[in-house]
Number of protein chains: 2
Amino acid sequence: MASEAGPEAGSGATAATGSPSAVAEPRLTRKGQATRARIVAAASALVFERGVAGTSTDDVRAAAGVSTSQIYHYFADKSALVRAVIAHQTEAVLDAQRPLLGRLDSMEALRAWRDLVVGLQRERQCEGGCPIGSLAGELAEIDPEARAELAAGFARWEDGIRSGLRAMRDRGELRPGADPDRLSLAILAALQGGLLLTQTRRETAPLEAALDTMLAHVADCLEDGAAAPAG
Amino acid sequence: MASEAGPEAGSGATAATGSPSAVAEPRLTRKGQATRARIVAAASALVFERGVAGTSTDDVRAAAGVSTSQIYHYFADKSALVRAVIAHQTEAVLDAQRPLLGRLDSMEALRAWRDLVVGLQRERQCEGGCPIGSLAGELAEIDPEARAELAAGFARWEDGIRSGLRAMRDRGELRPGADPDRLSLAILAALQGGLLLTQTRRETAPLEAALDTMLAHVADCLEDGAAAPAG
DNA sequence: TCAAGTCTGGAGTGTCAACTCCAGAAACGC
DNA sequence: GCGTTTCTGGAGTTGACACTCCAGACTTGA
């Protein structure tokens with residue numbers, strides 16, 4: 001829904017201009033917004049295909065159909081552009097899973113979500129992995145700010161899973177021993193690892209095994225009542 | 001145990017010199033072997049800290065205490081050096097888990113292995129993630145040869161886990177429905193995803209949640225008999 | 001309509017990284 | 001010991017990449 005977060009130039013002294021929470025406002029024309037969005041979209045696609053290090057600002061310039069100065073007009077430097085890419089991809093990933101994500105409060109919903117994720121990988125021939133996970137692997141050790149934003153993106157993802165599991169527990173469908181918080185974290189981890197192995201092996205088997213095993217465990221945590229175990 | 005695999009220069013026409021399986025043999029002096037090993041060790045450490053793209057051949061040169069020409073004497077180009085790093089790190093990772101890996105045929109062994117992996121991450125303050133996983137994320141889309149070797153490395157890791165689970169099944173300790181092959185793949189995926197999230201969040205909780213959930217599932221797959229479930 | 005601010009084009013700069021070349025030193029095989 | 005091969009040092013080349021600069025075109029608000 002919302003577009004990406006705003007600030008990137010961030011002067012030092014001339015900070016407090018208007019809003020208290022936002023640091024600096026670039027004040028973009030409608031045309032400017034469109035250009036900026038075009039740059040971010042082009043950069044996101046290239047980074048997804050070739051990584052941050054494999055994508056030059058000149059590649060982005062050509063793909064977005066803009067001039068060099070435009071990139072540096074909208075972004076302080078390459079790392080600022082990368083942060084915009086992180087924000088963009090976080091929204092894209094969450095959007096792609098809506099509205100399933102946030103309603104993962106039954107085995108059927110969880111299985112549908114699993115099928116969506118696996119199908120998506122199959123569509124793109126297991127290439128690219130997870131947009132957020134790949135960025136995390138590449139940037140975690142070399143860009144602290146990027147690492148923090150990626151962690152926040154993961155947290156939102158985890159929240160989506162968690163809320164469904166909590167609903168199940170609150171309805172009494174899960175055994176009291178089952179902890180939705182730990183479960184959601186484990187499921188996200190299995191998803192990320194499954195995506196990485198799937199990307200490396202170019203087949204969906206790892207992703208399927210990881211998610212199916214996690215879902216089987218959730219099924220085992222169901223209060224004795226409904227839902228068949230399945231394979 | 002064994003040192004890295006040999007060939008990297010690989011001429012084209014003058015192939016068949018001696019051994020039938022190996023493509024080309026560099027014929028290294030003892031001194032040469034030592035120098036090459038020093039380069040690979042230095043490169044591995046730097047790549048682990050800053051990634052492939054973040055490590056220049058000159059960084060490696062300085063860290064290994066060699067001259068420029070030496071690097072290109074032992075490796076055709078940077079990607080050949082990277083492949084040597086992959087081989088080196090694969091051995092290092094598997095070595096670090098021996099002898100536990102390959103004897104993961106009981107819940108106690110699995111828990112000890114889990115503790116080892118978590119403890120290792122805690123020791124290094126959750127920095128760096130998995131040496132193999134990080135390389136996979138960075139190289140899978142841009143270096144097909146590296147991707148294949150990383151997939152092979154993952155396969156060896158998976159084999160280690162699988163053999164233990166198979167032993168449990170063959171002894172009749174697992175329910176007939178449980179598939180050791182899928183389980184081992186799922187456990188490796190959970191491990192990788194847990195490591196990635198742990199690296200991103202700088203805390204071991206994700207890794208612990210991922211592994212503990214997988215182990216709980218294995219415990220649930222035990223044939224009714226021994227072993228307490230635990231949390 | 002006009003001034004102030006925003007957007008755009010493209011040439012240019014400095015740095016850094018991968019890789020080459022060659023000549024001399026050390027090790028090896030006989 | 002001696003010819004051959006391997007190993008080493010370091011200067012040099014080439015290209016790419018992040019980023020700058022400035023002048024002109026467009027938008028906006030009064």
# chains A, B, ... in the order shown; residues from 1 in each chain; ligands from 1
>>> interface_residues(of="chain A", to="chain D", cutoff="10 Å", atoms="only C-alpha atoms (C1' of nucleotides)", output="PyMOL selection string")
chain A and resi 29-31+56-58+68-69+72+76-78
>>> calpha_fit_and_write(fixed="chain B", moving="chain A", output="JSON list (two decimals) with C-alpha atoms, in the first residue's frame")
[["chain", "number", "residue", "atom", "x", "y", "z"],
["A", 1, "MET", "CA", 41.16, -34.85, 5.72],
["A", 2, "ALA", "CA", 41.92, -34.62, 2.04],
["A", 3, "SER", "CA", 43.16, -31.30, 0.75],
["A", 4, "GLU", "CA", 41.18, -29.39, -1.83],
["A", 5, "ALA", "CA", 40.55, -30.75, -5.28],
["A", 6, "GLY", "CA", 43.31, -30.00, -7.72],
["A", 7, "PRO", "CA", 42.73, -28.47, -11.11],
["A", 8, "GLU", "CA", 42.18, -24.85, -11.86],
["A", 9, "ALA", "CA", 44.33, -23.72, -14.77],
["A", 10, "GLY", "CA", 42.83, -26.19, -17.23],
["A", 11, "SER", "CA", 44.33, -25.57, -20.65],
["A", 12, "GLY", "CA", 42.29, -26.71, -23.60],
["A", 13, "ALA", "CA", 44.19, -28.82, -26.09],
["A", 14, "THR", "CA", 47.05, -30.24, -24.04],
["A", 15, "ALA", "CA", 44.71, -31.99, -21.65],
["A", 16, "ALA", "CA", 45.43, -35.69, -21.30],
["A", 17, "THR", "CA", 48.78, -35.88, -19.58],
["A", 18, "GLY", "CA", 48.48, -38.55, -16.92],
["A", 19, "SER", "CA", 45.54, -39.38, -14.70],
["A", 20, "PRO", "CA", 42.29, -39.97, -16.56],
["A", 21, "SER", "CA", 39.87, -38.27, -14.19],
["A", 22, "ALA", "CA", 41.86, -35.18, -13.22],
["A", 23, "VAL", "CA", 42.03, -32.62, -15.98],
["A", 24, "ALA", "CA", 45.38, -30.92, -15.44],
["A", 25, "GLU", "CA", 48.00, -31.22, -12.76],
["A", 26, "PRO", "CA", 49.87, -28.11, -11.67],
["A", 27, "ARG", "CA", 52.80, -30.06, -10.16],
["A", 28, "LEU", "CA", 53.50, -28.01, -7.06],
["A", 29, "THR", "CA", 56.65, -27.94, -5.00],
["A", 30, "ARG", "CA", 56.25, -28.39, -1.27],
["A", 31, "LYS", "CA", 56.94, -24.68, -0.94],
["A", 32, "GLY", "CA", 54.43, -24.02, -3.67],
["A", 33, "GLN", "CA", 51.78, -26.02, -1.86],
["A", 34, "ALA", "CA", 52.40, -24.01, 1.28],
["A", 35, "THR", "CA", 52.11, -20.73, -0.57],
["A", 36, "ARG", "CA", 48.95, -21.81, -2.31],
["A", 37, "ALA", "CA", 47.45, -22.91, 1.00],
["A", 38, "ARG", "CA", 48.35, -19.58, 2.56],
["A", 39, "ILE", "CA", 46.59, -17.74, -0.23],
["A", 40, "VAL", "CA", 43.46, -19.89, 0.05],
["A", 41, "ALA", "CA", 43.35, -19.51, 3.83],
["A", 42, "ALA", "CA", 43.73, -15.74, 3.66],
["A", 43, "ALA", "CA", 41.15, -15.47, 0.90],
["A", 44, "SER", "CA", 38.70, -17.65, 2.83],
["A", 45, "ALA", "CA", 38.94, -15.51, 5.92],
["A", 46, "LEU", "CA", 38.49, -12.28, 3.99],
["A", 47, "VAL", "CA", 35.62, -13.62, 1.92],
["A", 48, "PHE", "CA", 33.90, -14.84, 5.05],
["A", 49, "GLU", "CA", 34.13, -11.36, 6.55],
["A", 50, "ARG", "CA", 33.37, -9.20, 3.53],
["A", 51, "GLY", "CA", 32.03, -11.40, 0.78],
["A", 52, "VAL", "CA", 33.54, -12.18, -2.61],
["A", 53, "ALA", "CA", 32.79, -8.81, -4.14],
["A", 54, "GLY", "CA", 34.14, -7.04, -1.07],
["A", 55, "THR", "CA", 37.47, -8.82, -1.24],
["A", 56, "SER", "CA", 40.04, -7.68, -3.78],
["A", 57, "THR", "CA", 42.95, -9.77, -4.95],
["A", 58, "ASP", "CA", 45.18, -7.11, -3.48],
["A", 59, "ASP", "CA", 43.56, -7.61, -0.07],
["A", 60, "VAL", "CA", 44.33, -11.31, -0.37],
["A", 61, "ARG", "CA", 47.86, -10.56, -1.51],
["A", 62, "ALA", "CA", 48.52, -8.43, 1.56],
["A", 63, "ALA", "CA", 46.86, -10.81, 4.01],
["A", 64, "ALA", "CA", 48.72, -13.83, 2.68],
["A", 65, "GLY", "CA", 52.01, -11.97, 2.49],
["A", 66, "VAL", "CA", 52.64, -12.78, -1.13],
["A", 67, "SER", "CA", 53.14, -10.82, -4.32],
["A", 68, "THR", "CA", 50.62, -10.21, -7.08],
["A", 69, "SER", "CA", 52.22, -12.64, -9.48],
["A", 70, "GLN", "CA", 52.00, -15.46, -6.97],
["A", 71, "ILE", "CA", 48.23, -15.31, -6.89],
["A", 72, "TYR", "CA", 48.09, -15.57, -10.65],
["A", 73, "HIS", "CA", 50.73, -18.24, -10.62],
["A", 74, "TYR", "CA", 48.51, -20.52, -8.55],
["A", 75, "PHE", "CA", 45.09, -19.46, -9.83],
["A", 76, "ALA", "CA", 43.98, -18.68, -13.35],
["A", 77, "ASP", "CA", 41.81, -15.79, -12.22],
["A", 78, "LYS", "CA", 39.77, -14.58, -9.31],
["A", 79, "SER", "CA", 36.93, -17.01, -9.91],
["A", 80, "ALA", "CA", 39.36, -19.93, -9.75],
["A", 81, "LEU", "CA", 40.52, -18.64, -6.39],
["A", 82, "VAL", "CA", 36.91, -18.37, -5.29],
["A", 83, "ARG", "CA", 36.33, -21.99, -6.22],
["A", 84, "ALA", "CA", 39.29, -22.97, -4.10],
["A", 85, "VAL", "CA", 37.76, -20.96, -1.27],
["A", 86, "ILE", "CA", 34.51, -22.87, -1.69],
["A", 87, "ALA", "CA", 36.34, -26.19, -1.44],
["A", 88, "HIS", "CA", 38.28, -24.98, 1.58],
["A", 89, "GLN", "CA", 35.24, -23.70, 3.43],
["A", 90, "THR", "CA", 33.25, -26.84, 2.68],
["A", 91, "GLU", "CA", 35.93, -28.91, 4.36],
["A", 92, "ALA", "CA", 36.18, -26.46, 7.23],
["A", 93, "VAL", "CA", 32.45, -26.51, 7.91],
["A", 94, "LEU", "CA", 32.22, -30.29, 7.81],
["A", 95, "ASP", "CA", 35.38, -30.63, 9.91],
["A", 96, "ALA", "CA", 33.94, -28.34, 12.56],
["A", 97, "GLN", "CA", 30.96, -30.67, 12.96],
["A", 98, "ARG", "CA", 32.87, -33.91, 12.97],
["A", 99, "PRO", "CA", 32.65, -36.30, 14.65],
["A", 100, "LEU", "CA", 29.06, -35.43, 15.64],
["A", 101, "LEU", "CA", 27.96, -35.28, 12.03],
["A", 102, "GLY", "CA", 27.60, -38.80, 10.74],
["A", 103, "ARG", "CA", 26.53, -40.07, 14.15],
["A", 104, "LEU", "CA", 23.28, -38.16, 14.38],
["A", 105, "ASP", "CA", 21.34, -41.34, 15.14],
["A", 106, "SER", "CA", 19.70, -40.44, 18.44],
["A", 107, "MET", "CA", 17.90, -37.51, 19.98],
["A", 108, "GLU", "CA", 20.86, -36.95, 22.31],
["A", 109, "ALA", "CA", 23.25, -36.75, 19.37],
["A", 110, "LEU", "CA", 20.94, -34.40, 17.50],
["A", 111, "ARG", "CA", 20.65, -32.16, 20.54],
["A", 112, "ALA", "CA", 24.41, -32.12, 21.03],
["A", 113, "TRP", "CA", 24.87, -31.17, 17.40],
["A", 114, "ARG", "CA", 22.27, -28.42, 17.76],
["A", 115, "ASP", "CA", 24.12, -27.08, 20.80],
["A", 116, "LEU", "CA", 27.41, -27.11, 18.91],
["A", 117, "VAL", "CA", 26.01, -25.13, 16.00],
["A", 118, "VAL", "CA", 24.25, -22.61, 18.22],
["A", 119, "GLY", "CA", 27.31, -22.24, 20.43],
["A", 120, "LEU", "CA", 29.49, -21.56, 17.43],
["A", 121, "GLN", "CA", 27.26, -18.71, 16.33],
["A", 122, "ARG", "CA", 27.15, -17.30, 19.81],
["A", 123, "GLU", "CA", 30.95, -17.35, 19.99],
["A", 124, "ARG", "CA", 31.28, -15.20, 16.91],
["A", 125, "GLN", "CA", 28.48, -12.87, 17.98],
["A", 126, "CYS", "CA", 26.23, -14.10, 15.20],
["A", 127, "GLU", "CA", 28.50, -12.56, 12.59],
["A", 128, "GLY", "CA", 29.26, -14.09, 9.24],
["A", 129, "GLY", "CA", 26.46, -16.61, 9.02],
["A", 130, "CYS", "CA", 27.24, -19.85, 7.26],
["A", 131, "PRO", "CA", 30.39, -19.78, 5.10],
["A", 132, "ILE", "CA", 28.77, -21.99, 2.48],
["A", 133, "GLY", "CA", 25.33, -20.44, 2.65],
["A", 134, "SER", "CA", 26.69, -16.92, 2.24],
["A", 135, "LEU", "CA", 28.72, -17.95, -0.77],
["A", 136, "ALA", "CA", 25.66, -19.63, -2.23],
["A", 137, "GLY", "CA", 23.60, -16.49, -1.86],
["A", 138, "GLU", "CA", 26.24, -14.35, -3.46],
["A", 139, "LEU", "CA", 27.32, -16.65, -6.29],
["A", 140, "ALA", "CA", 24.32, -18.81, -7.24],
["A", 141, "GLU", "CA", 23.09, -16.46, -9.94],
["A", 142, "ILE", "CA", 26.37, -15.19, -11.32],
["A", 143, "ASP", "CA", 28.73, -18.17, -11.35],
["A", 144, "PRO", "CA", 27.24, -21.48, -12.52],
["A", 145, "GLU", "CA", 30.36, -23.47, -11.71],
["A", 146, "ALA", "CA", 30.45, -22.10, -8.18],
["A", 147, "ARG", "CA", 26.77, -22.86, -7.81],
["A", 148, "ALA", "CA", 27.35, -26.50, -8.74],
["A", 149, "GLU", "CA", 30.18, -26.88, -6.26],
["A", 150, "LEU", "CA", 28.17, -25.24, -3.51],
["A", 151, "ALA", "CA", 25.29, -27.58, -4.25],
["A", 152, "ALA", "CA", 27.71, -30.48, -3.91],
["A", 153, "GLY", "CA", 28.90, -29.10, -0.59],
["A", 154, "PHE", "CA", 25.33, -28.88, 0.67],
["A", 155, "ALA", "CA", 24.75, -32.43, -0.50],
["A", 156, "ARG", "CA", 27.65, -33.72, 1.59],
["A", 157, "TRP", "CA", 26.30, -31.87, 4.58],
["A", 158, "GLU", "CA", 22.85, -33.31, 4.00],
["A", 159, "ASP", "CA", 24.35, -36.78, 3.68],
["A", 160, "GLY", "CA", 25.85, -36.47, 7.11],
["A", 161, "ILE", "CA", 22.47, -35.71, 8.63],
["A", 162, "ARG", "CA", 20.68, -38.30, 6.57],
["A", 163, "SER", "CA", 22.85, -41.25, 7.47],
["A", 164, "GLY", "CA", 22.03, -40.81, 11.17],
["A", 165, "LEU", "CA", 18.31, -40.60, 10.55],
["A", 166, "ARG", "CA", 18.45, -43.63, 8.30],
["A", 167, "ALA", "CA", 20.17, -45.58, 11.01],
["A", 168, "MET", "CA", 17.38, -44.64, 13.39],
["A", 169, "ARG", "CA", 14.76, -45.77, 10.93],
["A", 170, "ASP", "CA", 16.57, -49.02, 10.15],
["A", 171, "ARG", "CA", 16.71, -49.74, 13.86],
["A", 172, "GLY", "CA", 12.97, -49.26, 13.96],
["A", 173, "GLU", "CA", 13.13, -46.18, 16.14],
["A", 174, "LEU", "CA", 11.27, -43.98, 13.68],
["A", 175, "ARG", "CA", 7.68, -44.38, 12.66],
["A", 176, "PRO", "CA", 7.41, -46.00, 9.23],
["A", 177, "GLY", "CA", 5.83, -42.83, 7.84],
["A", 178, "ALA", "CA", 8.88, -40.71, 8.62],
["A", 179, "ASP", "CA", 11.15, -40.18, 5.61],
["A", 180, "PRO", "CA", 14.80, -39.67, 6.61],
["A", 181, "ASP", "CA", 15.65, -38.19, 3.21],
["A", 182, "ARG", "CA", 13.06, -35.46, 3.40],
["A", 183, "LEU", "CA", 13.76, -34.90, 7.07],
["A", 184, "SER", "CA", 17.47, -34.36, 6.53],
["A", 185, "LEU", "CA", 16.81, -31.95, 3.71],
["A", 186, "ALA", "CA", 14.35, -30.06, 5.88],
["A", 187, "ILE", "CA", 16.79, -29.92, 8.78],
["A", 188, "LEU", "CA", 19.55, -28.54, 6.57],
["A", 189, "ALA", "CA", 17.14, -25.94, 5.22],
["A", 190, "ALA", "CA", 16.06, -24.95, 8.73],
["A", 191, "LEU", "CA", 19.71, -24.68, 9.70],
["A", 192, "GLN", "CA", 20.54, -22.45, 6.74],
["A", 193, "GLY", "CA", 17.53, -20.22, 7.23],
["A", 194, "GLY", "CA", 18.16, -20.05, 10.94],
["A", 195, "LEU", "CA", 21.74, -19.00, 10.29],
["A", 196, "LEU", "CA", 20.68, -16.33, 7.83],
["A", 197, "LEU", "CA", 18.11, -14.84, 10.18],
["A", 198, "THR", "CA", 20.52, -15.09, 13.09],
["A", 199, "GLN", "CA", 23.15, -13.26, 11.07],
["A", 200, "THR", "CA", 20.66, -10.58, 10.11],
["A", 201, "ARG", "CA", 19.20, -10.11, 13.58],
["A", 202, "ARG", "CA", 22.45, -10.64, 15.47],
["A", 203, "GLU", "CA", 20.87, -13.02, 17.96],
["A", 204, "THR", "CA", 20.67, -16.79, 18.07],
["A", 205, "ALA", "CA", 16.91, -16.98, 18.65],
["A", 206, "PRO", "CA", 16.02, -17.75, 15.01],
["A", 207, "LEU", "CA", 18.59, -20.51, 14.73],
["A", 208, "GLU", "CA", 17.45, -22.02, 18.00],
["A", 209, "ALA", "CA", 13.78, -21.84, 17.07],
["A", 210, "ALA", "CA", 14.43, -23.42, 13.67],
["A", 211, "LEU", "CA", 16.54, -26.29, 14.94],
["A", 212, "ASP", "CA", 14.50, -26.93, 18.06],
["A", 213, "THR", "CA", 11.31, -27.10, 16.06],
["A", 214, "MET", "CA", 12.87, -29.56, 13.66],
["A", 215, "LEU", "CA", 14.19, -31.71, 16.49],
["A", 216, "ALA", "CA", 10.81, -31.62, 18.19],
["A", 217, "HIS", "CA", 9.33, -32.93, 15.00],
["A", 218, "VAL", "CA", 11.87, -35.74, 14.83],
["A", 219, "ALA", "CA", 11.01, -36.56, 18.43],
["A", 220, "ASP", "CA", 7.36, -36.72, 17.44],
["A", 221, "CYS", "CA", 8.33, -39.21, 14.77],
["A", 222, "LEU", "CA", 9.88, -41.58, 17.28],
["A", 223, "GLU", "CA", 8.25, -44.98, 17.57],
["A", 224, "ASP", "CA", 6.36, -45.10, 20.87],
["A", 225, "GLY", "CA", 9.02, -46.10, 23.33],
["A", 226, "ALA", "CA", 11.83, -43.97, 24.68],
["A", 227, "ALA", "CA", 12.92, -40.29, 24.68],
["A", 228, "ALA", "CA", 11.11, -37.46, 26.42],
["A", 229, "PRO", "CA", 9.64, -34.74, 24.16],
["A", 230, "ALA", "CA", 11.25, -31.73, 25.90],
["A", 231, "GLY", "CA", 10.59, -28.11, 24.93]]
>>> closest_residue(among="C:DG29, C:DG24, C:DA18, C:DC7", to="chain A", atoms="only C-alpha atoms (C1' of nucleotides)")
C:DC7
>>> select_by_dssp(residues="region 70-190 of chain B", states="helix (DSSP H, G or I)", output="ChimeraX atom specification")
/B:70-74,78-97,107-123,131-139,144-170,180-190
>>> interface_residues(of="chain C", to="chain A", cutoff="9 Å", atoms="only C-alpha atoms (C1' of nucleotides)", output="ChimeraX atom specification")
/C:6-10
